>>> print(open('final-v6.cif').read())   # mmCIF, N, CA and C atoms
data_target
loop_
_atom_site.label_atom_id
_atom_site.label_comp_id
_atom_site.auth_asym_id
_atom_site.auth_seq_id
_atom_site.Cartn_x
_atom_site.Cartn_y
_atom_site.Cartn_z
N MET A 30 3.65 1.18 15.67
CA MET A 30 3.97 1.19 14.26
C MET A 30 5.07 0.18 13.97
N PRO A 31 5.12 -0.35 12.77
CA PRO A 31 6.07 -1.41 12.46
C PRO A 31 7.47 -0.90 12.13
N ASP A 32 8.06 -0.13 13.03
CA ASP A 32 9.38 0.44 12.76
C ASP A 32 10.46 -0.62 12.61
N LYS A 33 10.34 -1.74 13.36
CA LYS A 33 11.33 -2.81 13.26
C LYS A 33 11.34 -3.40 11.85
N LEU A 34 10.16 -3.61 11.30
CA LEU A 34 10.06 -4.15 9.95
C LEU A 34 10.54 -3.13 8.92
N ASP A 35 10.28 -1.85 9.19
CA ASP A 35 10.77 -0.79 8.31
C ASP A 35 12.30 -0.81 8.26
N SER A 36 12.94 -0.99 9.42
CA SER A 36 14.40 -1.00 9.44
C SER A 36 14.94 -2.23 8.72
N LYS A 37 14.21 -3.34 8.80
CA LYS A 37 14.63 -4.54 8.08
C LYS A 37 14.53 -4.30 6.57
N TRP A 38 13.46 -3.64 6.13
CA TRP A 38 13.31 -3.31 4.71
C TRP A 38 14.46 -2.41 4.28
N GLN A 39 14.84 -1.46 5.13
CA GLN A 39 15.96 -0.59 4.80
C GLN A 39 17.25 -1.40 4.65
N GLN A 40 17.43 -2.42 5.48
CA GLN A 40 18.60 -3.29 5.35
C GLN A 40 18.59 -4.02 4.01
N VAL A 41 17.42 -4.51 3.61
CA VAL A 41 17.30 -5.18 2.31
C VAL A 41 17.68 -4.21 1.20
N LEU A 42 17.15 -2.99 1.27
CA LEU A 42 17.48 -1.98 0.25
C LEU A 42 18.97 -1.66 0.23
N ASP A 43 19.58 -1.55 1.40
CA ASP A 43 21.01 -1.25 1.47
C ASP A 43 21.84 -2.36 0.83
N ILE A 44 21.48 -3.61 1.11
CA ILE A 44 22.19 -4.76 0.52
C ILE A 44 22.04 -4.75 -1.00
N LEU A 45 20.81 -4.55 -1.46
CA LEU A 45 20.56 -4.56 -2.91
C LEU A 45 21.26 -3.39 -3.60
N THR A 46 21.26 -2.24 -2.97
CA THR A 46 21.92 -1.07 -3.55
C THR A 46 23.42 -1.30 -3.66
N GLN A 47 24.03 -1.85 -2.62
CA GLN A 47 25.47 -2.12 -2.65
C GLN A 47 25.81 -3.14 -3.72
N LYS A 48 25.03 -4.21 -3.80
CA LYS A 48 25.26 -5.25 -4.82
C LYS A 48 25.10 -4.67 -6.22
N ALA A 49 24.06 -3.84 -6.41
CA ALA A 49 23.83 -3.22 -7.71
C ALA A 49 24.96 -2.26 -8.08
N ALA A 50 25.50 -1.57 -7.10
CA ALA A 50 26.63 -0.67 -7.35
C ALA A 50 27.87 -1.47 -7.73
N ASP A 51 28.11 -2.56 -7.01
CA ASP A 51 29.29 -3.39 -7.28
C ASP A 51 29.22 -4.06 -8.65
N SER A 52 28.03 -4.46 -9.07
CA SER A 52 27.89 -5.19 -10.33
C SER A 52 27.69 -4.28 -11.54
N GLY A 53 27.47 -2.99 -11.29
CA GLY A 53 27.23 -2.07 -12.39
C GLY A 53 25.76 -1.97 -12.78
N THR A 54 24.92 -2.74 -12.12
CA THR A 54 23.49 -2.72 -12.43
C THR A 54 22.88 -1.35 -12.13
N ILE A 55 23.37 -0.70 -11.10
CA ILE A 55 22.80 0.59 -10.71
C ILE A 55 22.97 1.63 -11.81
N VAL A 56 24.08 1.58 -12.52
CA VAL A 56 24.31 2.50 -13.64
C VAL A 56 23.31 2.22 -14.75
N LYS A 57 23.09 0.93 -15.03
CA LYS A 57 22.12 0.55 -16.06
C LYS A 57 20.71 1.00 -15.68
N VAL A 58 20.37 0.88 -14.41
CA VAL A 58 19.05 1.31 -13.94
C VAL A 58 18.90 2.82 -14.13
N LYS A 59 19.92 3.57 -13.76
CA LYS A 59 19.88 5.03 -13.91
C LYS A 59 19.74 5.44 -15.38
N GLU A 60 20.37 4.67 -16.27
CA GLU A 60 20.35 5.01 -17.69
C GLU A 60 19.08 4.53 -18.39
N SER A 61 18.30 3.69 -17.74
CA SER A 61 17.08 3.15 -18.35
C SER A 61 16.09 4.27 -18.61
N LYS A 62 15.33 4.10 -19.68
CA LYS A 62 14.38 5.14 -20.10
C LYS A 62 13.01 5.00 -19.45
N SER A 63 12.66 3.80 -18.98
CA SER A 63 11.31 3.61 -18.44
C SER A 63 11.36 2.76 -17.17
N ASN A 64 10.30 2.86 -16.39
CA ASN A 64 10.21 2.05 -15.17
C ASN A 64 10.14 0.57 -15.51
N SER A 65 9.47 0.22 -16.61
CA SER A 65 9.40 -1.20 -16.97
C SER A 65 10.79 -1.75 -17.30
N ASP A 66 11.63 -0.93 -17.93
CA ASP A 66 13.02 -1.36 -18.19
C ASP A 66 13.79 -1.52 -16.89
N ARG A 67 13.56 -0.62 -15.94
CA ARG A 67 14.24 -0.71 -14.64
C ARG A 67 13.81 -1.97 -13.89
N ILE A 68 12.52 -2.23 -13.92
CA ILE A 68 12.00 -3.42 -13.24
C ILE A 68 12.57 -4.67 -13.88
N LYS A 69 12.63 -4.71 -15.20
CA LYS A 69 13.18 -5.87 -15.91
C LYS A 69 14.64 -6.08 -15.53
N LEU A 70 15.42 -5.01 -15.48
CA LEU A 70 16.83 -5.13 -15.08
C LEU A 70 16.95 -5.73 -13.68
N CYS A 71 16.14 -5.26 -12.76
CA CYS A 71 16.19 -5.78 -11.39
C CYS A 71 15.73 -7.23 -11.34
N TYR A 72 14.66 -7.53 -12.07
CA TYR A 72 14.13 -8.89 -12.06
C TYR A 72 15.11 -9.87 -12.71
N ASP A 73 15.82 -9.41 -13.73
CA ASP A 73 16.77 -10.28 -14.42
C ASP A 73 18.03 -10.55 -13.61
N ASP A 74 18.27 -9.76 -12.57
CA ASP A 74 19.42 -9.98 -11.70
C ASP A 74 19.03 -11.01 -10.64
N PRO A 75 19.63 -12.22 -10.68
CA PRO A 75 19.22 -13.28 -9.75
C PRO A 75 19.35 -12.88 -8.28
N PHE A 76 20.39 -12.15 -7.94
CA PHE A 76 20.59 -11.73 -6.55
C PHE A 76 19.44 -10.84 -6.08
N VAL A 77 19.12 -9.84 -6.90
CA VAL A 77 18.03 -8.92 -6.56
C VAL A 77 16.71 -9.67 -6.49
N ARG A 78 16.45 -10.47 -7.52
CA ARG A 78 15.19 -11.21 -7.58
C ARG A 78 15.00 -12.09 -6.35
N GLU A 79 16.02 -12.82 -5.96
CA GLU A 79 15.89 -13.73 -4.81
C GLU A 79 15.71 -12.97 -3.50
N HIS A 80 16.42 -11.86 -3.34
CA HIS A 80 16.24 -11.06 -2.11
C HIS A 80 14.83 -10.48 -2.03
N LEU A 81 14.32 -10.00 -3.16
CA LEU A 81 12.97 -9.45 -3.15
C LEU A 81 11.93 -10.54 -2.92
N LYS A 82 12.12 -11.70 -3.52
CA LYS A 82 11.20 -12.83 -3.28
C LYS A 82 11.20 -13.21 -1.81
N SER A 83 12.38 -13.25 -1.22
CA SER A 83 12.51 -13.60 0.19
C SER A 83 11.79 -12.58 1.06
N TRP A 84 11.94 -11.30 0.73
CA TRP A 84 11.28 -10.24 1.49
C TRP A 84 9.75 -10.37 1.38
N VAL A 85 9.26 -10.56 0.17
CA VAL A 85 7.81 -10.71 -0.03
C VAL A 85 7.29 -11.91 0.74
N HIS A 86 8.03 -13.01 0.70
CA HIS A 86 7.62 -14.20 1.44
C HIS A 86 7.53 -13.90 2.94
N GLU A 87 8.51 -13.18 3.45
CA GLU A 87 8.50 -12.84 4.88
C GLU A 87 7.30 -11.97 5.23
N ILE A 88 6.99 -11.02 4.38
CA ILE A 88 5.84 -10.14 4.63
C ILE A 88 4.54 -10.94 4.62
N VAL A 89 4.41 -11.83 3.65
CA VAL A 89 3.20 -12.66 3.57
C VAL A 89 3.07 -13.52 4.81
N GLU A 90 4.18 -14.08 5.25
CA GLU A 90 4.15 -14.92 6.45
C GLU A 90 3.75 -14.12 7.68
N ARG A 91 4.25 -12.93 7.80
CA ARG A 91 3.96 -12.10 8.97
C ARG A 91 2.59 -11.44 8.89
N LYS A 92 2.12 -11.27 7.65
CA LYS A 92 0.86 -10.55 7.41
C LYS A 92 0.87 -9.20 8.12
N ARG A 93 2.01 -8.54 8.06
CA ARG A 93 2.18 -7.29 8.79
C ARG A 93 1.86 -6.06 7.94
N PHE A 94 2.02 -6.17 6.65
CA PHE A 94 1.80 -5.00 5.81
C PHE A 94 0.40 -5.02 5.23
N CYS A 95 -0.57 -4.98 6.10
CA CYS A 95 -1.96 -4.91 5.68
C CYS A 95 -2.36 -3.44 5.66
N LYS A 96 -3.37 -3.15 4.90
CA LYS A 96 -3.90 -1.79 4.89
C LYS A 96 -4.42 -1.47 6.28
N ASN A 97 -4.08 -0.29 6.78
CA ASN A 97 -4.44 0.06 8.14
C ASN A 97 -4.58 1.58 8.24
N LYS A 98 -5.81 2.04 8.39
CA LYS A 98 -6.10 3.48 8.43
C LYS A 98 -5.33 4.18 9.55
N GLU A 99 -5.29 3.57 10.72
CA GLU A 99 -4.62 4.19 11.86
C GLU A 99 -3.13 4.39 11.59
N ILE A 100 -2.48 3.35 11.07
CA ILE A 100 -1.04 3.46 10.77
C ILE A 100 -0.82 4.49 9.67
N SER A 101 -1.67 4.48 8.65
CA SER A 101 -1.56 5.46 7.58
C SER A 101 -1.64 6.88 8.13
N ASN A 102 -2.62 7.11 9.00
CA ASN A 102 -2.77 8.45 9.60
C ASN A 102 -1.58 8.82 10.47
N GLN A 103 -1.01 7.85 11.19
CA GLN A 103 0.16 8.13 12.02
C GLN A 103 1.34 8.57 11.16
N TYR A 104 1.55 7.86 10.06
CA TYR A 104 2.65 8.24 9.17
C TYR A 104 2.40 9.62 8.55
N ARG A 105 1.15 9.88 8.15
CA ARG A 105 0.86 11.17 7.55
C ARG A 105 1.05 12.30 8.56
N THR A 106 0.64 12.09 9.80
CA THR A 106 0.83 13.09 10.85
C THR A 106 2.32 13.35 11.09
N LYS A 107 3.10 12.27 11.15
CA LYS A 107 4.55 12.44 11.30
C LYS A 107 5.14 13.17 10.09
N GLY A 108 4.62 12.86 8.91
CA GLY A 108 5.06 13.56 7.70
C GLY A 108 4.77 15.05 7.77
N ASN A 109 3.58 15.40 8.28
CA ASN A 109 3.23 16.81 8.44
C ASN A 109 4.21 17.52 9.37
N LYS A 110 4.57 16.85 10.46
CA LYS A 110 5.52 17.43 11.42
C LYS A 110 6.90 17.58 10.79
N ALA A 111 7.31 16.58 10.02
CA ALA A 111 8.62 16.64 9.36
C ALA A 111 8.64 17.78 8.34
N TYR A 112 7.57 17.92 7.59
CA TYR A 112 7.49 18.98 6.58
C TYR A 112 7.50 20.35 7.26
N ALA A 113 6.73 20.50 8.33
CA ALA A 113 6.70 21.77 9.08
C ALA A 113 8.06 22.06 9.71
N GLY A 114 8.80 21.01 10.04
CA GLY A 114 10.12 21.15 10.64
C GLY A 114 11.23 21.26 9.62
N ALA A 115 10.87 21.55 8.37
CA ALA A 115 11.85 21.74 7.29
C ALA A 115 12.71 20.50 7.07
N ASN A 116 12.07 19.34 7.10
CA ASN A 116 12.77 18.09 6.81
C ASN A 116 12.02 17.38 5.68
N PRO A 117 12.15 17.90 4.44
CA PRO A 117 11.35 17.38 3.34
C PRO A 117 11.67 15.93 2.97
N GLY A 118 12.91 15.51 3.12
CA GLY A 118 13.27 14.12 2.80
C GLY A 118 12.53 13.14 3.68
N SER A 119 12.51 13.44 4.96
CA SER A 119 11.79 12.59 5.91
C SER A 119 10.29 12.65 5.64
N ALA A 120 9.77 13.85 5.36
CA ALA A 120 8.34 14.00 5.07
C ALA A 120 7.95 13.17 3.86
N LEU A 121 8.77 13.19 2.82
CA LEU A 121 8.48 12.41 1.62
C LEU A 121 8.41 10.92 1.94
N ASP A 122 9.35 10.44 2.71
CA ASP A 122 9.37 9.03 3.11
C ASP A 122 8.13 8.68 3.93
N LEU A 123 7.76 9.54 4.86
CA LEU A 123 6.61 9.28 5.73
C LEU A 123 5.30 9.31 4.96
N TYR A 124 5.16 10.25 4.02
CA TYR A 124 3.93 10.29 3.21
C TYR A 124 3.83 9.06 2.30
N THR A 125 4.97 8.58 1.82
CA THR A 125 4.97 7.37 1.00
C THR A 125 4.52 6.17 1.84
N LYS A 126 4.99 6.10 3.08
CA LYS A 126 4.55 5.02 3.97
C LYS A 126 3.05 5.15 4.27
N ALA A 127 2.58 6.37 4.45
CA ALA A 127 1.15 6.59 4.68
C ALA A 127 0.34 6.06 3.50
N LEU A 128 0.83 6.29 2.29
CA LEU A 128 0.16 5.77 1.09
C LEU A 128 0.12 4.25 1.10
N PHE A 129 1.22 3.65 1.51
CA PHE A 129 1.32 2.20 1.51
C PHE A 129 0.24 1.58 2.40
N TYR A 130 -0.01 2.19 3.54
CA TYR A 130 -0.97 1.63 4.50
C TYR A 130 -2.41 2.06 4.25
N ALA A 131 -2.62 3.10 3.44
CA ALA A 131 -3.97 3.61 3.20
C ALA A 131 -4.78 2.64 2.35
N HIS A 132 -6.06 2.54 2.68
CA HIS A 132 -6.96 1.70 1.89
C HIS A 132 -7.18 2.34 0.52
N LYS A 133 -7.24 1.50 -0.51
CA LYS A 133 -7.41 1.96 -1.88
C LYS A 133 -8.66 2.85 -1.98
N ASP A 134 -8.51 3.92 -2.71
CA ASP A 134 -9.60 4.87 -2.97
C ASP A 134 -10.18 5.50 -1.71
N SER A 135 -9.43 5.50 -0.62
CA SER A 135 -9.89 6.17 0.59
C SER A 135 -9.40 7.62 0.58
N GLU A 136 -10.01 8.42 1.40
CA GLU A 136 -9.58 9.80 1.53
C GLU A 136 -8.11 9.87 1.96
N ASP A 137 -7.67 8.89 2.75
CA ASP A 137 -6.28 8.87 3.23
C ASP A 137 -5.29 8.81 2.07
N VAL A 138 -5.63 8.05 1.04
CA VAL A 138 -4.75 7.94 -0.13
C VAL A 138 -4.56 9.32 -0.75
N TYR A 139 -5.64 10.01 -0.95
CA TYR A 139 -5.58 11.27 -1.67
C TYR A 139 -5.00 12.40 -0.83
N LEU A 140 -5.23 12.36 0.48
CA LEU A 140 -4.58 13.33 1.36
C LEU A 140 -3.07 13.13 1.34
N SER A 141 -2.65 11.87 1.35
CA SER A 141 -1.21 11.58 1.33
C SER A 141 -0.59 11.99 0.00
N TYR A 142 -1.31 11.74 -1.11
CA TYR A 142 -0.80 12.20 -2.41
C TYR A 142 -0.68 13.73 -2.43
N GLY A 143 -1.67 14.41 -1.88
CA GLY A 143 -1.62 15.87 -1.84
C GLY A 143 -0.44 16.38 -1.02
N ASN A 144 -0.23 15.76 0.15
CA ASN A 144 0.90 16.14 0.99
C ASN A 144 2.23 15.86 0.29
N ARG A 145 2.31 14.69 -0.32
CA ARG A 145 3.56 14.32 -0.99
C ARG A 145 3.82 15.24 -2.18
N SER A 146 2.75 15.65 -2.85
CA SER A 146 2.89 16.58 -3.97
C SER A 146 3.53 17.89 -3.51
N ALA A 147 3.12 18.39 -2.35
CA ALA A 147 3.69 19.64 -1.83
C ALA A 147 5.19 19.48 -1.56
N VAL A 148 5.56 18.34 -1.00
CA VAL A 148 6.99 18.10 -0.72
C VAL A 148 7.78 18.02 -2.03
N LEU A 149 7.23 17.32 -3.00
CA LEU A 149 7.92 17.18 -4.29
C LEU A 149 8.09 18.54 -4.96
N LEU A 150 7.10 19.40 -4.84
CA LEU A 150 7.22 20.76 -5.38
C LEU A 150 8.35 21.50 -4.67
N PHE A 151 8.39 21.39 -3.36
CA PHE A 151 9.44 22.03 -2.56
C PHE A 151 10.82 21.54 -2.99
N LEU A 152 10.91 20.24 -3.32
CA LEU A 152 12.19 19.65 -3.72
C LEU A 152 12.54 19.91 -5.19
N GLY A 153 11.64 20.58 -5.91
CA GLY A 153 11.89 20.88 -7.31
C GLY A 153 11.65 19.71 -8.24
N LYS A 154 10.96 18.70 -7.77
CA LYS A 154 10.65 17.52 -8.60
C LYS A 154 9.27 17.74 -9.22
N HIS A 155 9.23 18.60 -10.23
CA HIS A 155 7.97 19.08 -10.77
C HIS A 155 7.14 18.00 -11.45
N LYS A 156 7.76 17.14 -12.21
CA LYS A 156 7.01 16.08 -12.89
C LYS A 156 6.31 15.18 -11.86
N GLU A 157 7.06 14.73 -10.86
CA GLU A 157 6.49 13.87 -9.82
C GLU A 157 5.42 14.61 -9.02
N CYS A 158 5.65 15.91 -8.79
CA CYS A 158 4.68 16.74 -8.07
C CYS A 158 3.34 16.75 -8.81
N ILE A 159 3.39 16.97 -10.11
CA ILE A 159 2.17 17.01 -10.92
C ILE A 159 1.47 15.66 -10.91
N GLU A 160 2.24 14.57 -11.01
CA GLU A 160 1.64 13.23 -10.98
C GLU A 160 0.88 13.00 -9.67
N ASP A 161 1.50 13.36 -8.55
CA ASP A 161 0.85 13.17 -7.25
C ASP A 161 -0.35 14.11 -7.10
N ALA A 162 -0.21 15.35 -7.57
CA ALA A 162 -1.34 16.30 -7.48
C ALA A 162 -2.53 15.78 -8.28
N ASN A 163 -2.27 15.23 -9.45
CA ASN A 163 -3.36 14.68 -10.27
C ASN A 163 -4.04 13.52 -9.56
N LYS A 164 -3.26 12.68 -8.88
CA LYS A 164 -3.85 11.57 -8.13
C LYS A 164 -4.70 12.08 -6.98
N ALA A 165 -4.24 13.14 -6.33
CA ALA A 165 -5.01 13.74 -5.23
C ALA A 165 -6.32 14.32 -5.76
N LEU A 166 -6.27 14.92 -6.94
CA LEU A 166 -7.48 15.50 -7.52
C LEU A 166 -8.49 14.44 -7.94
N GLU A 167 -8.02 13.24 -8.28
CA GLU A 167 -8.94 12.16 -8.66
C GLU A 167 -9.96 11.92 -7.55
N TRP A 168 -9.49 11.94 -6.29
CA TRP A 168 -10.41 11.68 -5.18
C TRP A 168 -11.43 12.81 -5.07
N SER A 169 -10.99 14.04 -5.27
CA SER A 169 -11.91 15.18 -5.22
C SER A 169 -13.01 15.01 -6.26
N GLU A 170 -12.62 14.58 -7.46
CA GLU A 170 -13.60 14.37 -8.52
C GLU A 170 -14.57 13.24 -8.14
N LYS A 171 -14.04 12.15 -7.60
CA LYS A 171 -14.89 11.04 -7.18
C LYS A 171 -15.83 11.47 -6.06
N ASP A 172 -15.30 12.28 -5.14
CA ASP A 172 -16.10 12.75 -4.01
C ASP A 172 -17.25 13.63 -4.50
N LEU A 173 -16.98 14.47 -5.49
CA LEU A 173 -18.03 15.34 -6.03
C LEU A 173 -19.13 14.53 -6.70
N THR A 174 -18.76 13.45 -7.37
CA THR A 174 -19.78 12.64 -8.06
C THR A 174 -20.62 11.84 -7.07
N ARG A 175 -20.14 11.65 -5.86
CA ARG A 175 -20.90 10.92 -4.84
C ARG A 175 -21.96 11.79 -4.20
N GLN A 176 -21.83 13.10 -4.33
CA GLN A 176 -22.77 14.01 -3.65
C GLN A 176 -24.03 14.23 -4.45
#
>>> encode(input="final-v6.cif", output="structure tokens")
Amino acid sequence: MPDKLDSKWQQVLDILTQKAADSGTIVKVKESKSNSDRIKLCYDDPFVREHLKSWVHEIVERKRFCKNKEISNQYRTKGNKAYAGANPGSALDLYTKALFYAHKDSEDVYLSYGNRSAVLLFLGKHKECIEDANKALEWSEKDLTRQ
């Protein structure tokens, strides 16, 4: 699994978070009413924009973040273990990674959304839980129409 690249992404996030905290951008992001406003704030910050562009360029060069069923399943399995071990924060992160690697409209996507929905419910994040549950149900509906 690409744990080395994951840790590098975490370093990028740490740098951006610290810079945003120092510049006051993080407060503006928290106060924003919509995701599009948050994205615009980040994109309008030259430091953030350049770091994200650099990261995307590196990923494209490495071609490492391709959809991969095996990696998606590994992350989901680790997420299941984390959730069973009463570590919901880790489970949430692992299910999100499983989603990232899952092929679009595959069963893996919807299983990961279902798992993540359970964690979000446990964490009391009801709105996000419902959003993920609805995405998980989309696959069930598509699967029924295929039969």
>>> select_by_dssp(input="final-v6.cif", residues="range 49-124 of chain A", states="alpha helix (DSSP H)", output="ChimeraX atom specification")
/A:49-52,54-60,64-73,75-91,98-113,117-124
>>> closest_atom_pairs(input="final-v6.cif", of="range 46-120 of chain A", to="range 146-167 of chain A", cutoff="8 Å", atoms="all atoms listed in the file", output="Markdown table")
| residue | atom | partner | partner_atom | distance |
| --- | --- | --- | --- | --- |
| A:Tyr112 | CA | A:Val148 | CA | 7.4 |
| A:Pro117 | CA | A:Val148 | CA | 6.0 |
| A:Gly118 | N | A:Val148 | CA | 7.5 |
| A:Ala120 | C | A:Val148 | CA | 6.8 |
>>> atom_distance(input="final-v6.cif", atom1="CA of Arg78 in chain A", atom2="CA of Leu45 in chain A")
9.7 Å
>>> resolve_selection(input="final-v6.cif", expression="the PyMOL selection byres ((chain A and resi 125) around 8)", output="list of chain:residue names")
A:Tyr104, A:Arg105, A:Gly108, A:Ser119, A:Ala120, A:Leu121, A:Asp122, A:Leu123, A:Tyr124, A:Lys126, A:Ala127, A:Leu128, A:Phe129, A:Tyr130, A:Ala131, A:Ser141, A:Tyr142, A:Asn144, A:Arg145
>>> resolve_selection(input="final-v6.cif", expression="the PyMOL selection byres (((chain A and resi 97 and name CA) around 10) and name CA)", output="count of residues only")
14
>>> atom_distance(input="final-v6.cif", atom1="atom C of Tyr72 in chain A", atom2="CA of Trp38 in chain A")
18.7 Å
>>> closest_residue(input="final-v6.cif", among="A:Val77, A:Asn116, A:Asp66, A:Lys107", to="Lys48 in chain A", atoms="only C-alpha atoms")
A:Val77
>>> atom_distance(input="final-v6.cif", atom1="CA of Asp134 in chain A", atom2="CA of Lys82 in chain A")
27.3 Å
>>> decode(input="final-v6.cif", residues="range 90-115 of chain A", atoms="C-alpha atoms", output="PDB file, in the first residue's frame")
ATOM      1  CA  GLU A  90       4.135  12.099 -12.533  1.00  0.00           C
ATOM      2  CA  ARG A  91       4.133   9.068 -10.267  1.00  0.00           C
ATOM      3  CA  LYS A  92       0.807   7.768 -11.553  1.00  0.00           C
ATOM      4  CA  ARG A  93       0.425   6.251  -8.114  1.00  0.00           C
ATOM      5  CA  PHE A  94      -3.117   7.227  -7.237  1.00  0.00           C
ATOM      6  CA  CYS A  95      -4.906   5.116  -9.780  1.00  0.00           C
ATOM      7  CA  LYS A  96      -8.120   3.312  -9.033  1.00  0.00           C
ATOM      8  CA  ASN A  97      -7.214  -0.058  -7.579  1.00  0.00           C
ATOM      9  CA  LYS A  98      -9.732  -2.587  -6.255  1.00  0.00           C
ATOM     10  CA  GLU A  99      -7.152  -4.458  -4.176  1.00  0.00           C
ATOM     11  CA  ILE A 100      -5.906  -1.326  -2.407  1.00  0.00           C
ATOM     12  CA  SER A 101      -9.484  -0.149  -1.864  1.00  0.00           C
ATOM     13  CA  ASN A 102     -10.368  -3.486  -0.261  1.00  0.00           C
ATOM     14  CA  GLN A 103      -7.244  -3.384   1.922  1.00  0.00           C
ATOM     15  CA  TYR A 104      -8.164   0.043   3.255  1.00  0.00           C
ATOM     16  CA  ARG A 105     -11.771  -1.012   3.834  1.00  0.00           C
ATOM     17  CA  THR A 106     -10.644  -4.148   5.701  1.00  0.00           C
ATOM     18  CA  LYS A 107      -8.319  -2.058   7.879  1.00  0.00           C
ATOM     19  CA  GLY A 108     -11.215   0.352   8.437  1.00  0.00           C
ATOM     20  CA  ASN A 109     -13.412  -2.531   9.600  1.00  0.00           C
ATOM     21  CA  LYS A 110     -10.728  -3.576  12.093  1.00  0.00           C
ATOM     22  CA  ALA A 111     -10.320  -0.001  13.338  1.00  0.00           C
ATOM     23  CA  TYR A 112     -14.078   0.382  13.765  1.00  0.00           C
ATOM     24  CA  ALA A 113     -14.338  -2.966  15.592  1.00  0.00           C
ATOM     25  CA  GLY A 114     -11.413  -1.853  17.766  1.00  0.00           C
ATOM     26  CA  ALA A 115     -13.286   1.296  18.831  1.00  0.00           C
TER      27      ALA A 115
END
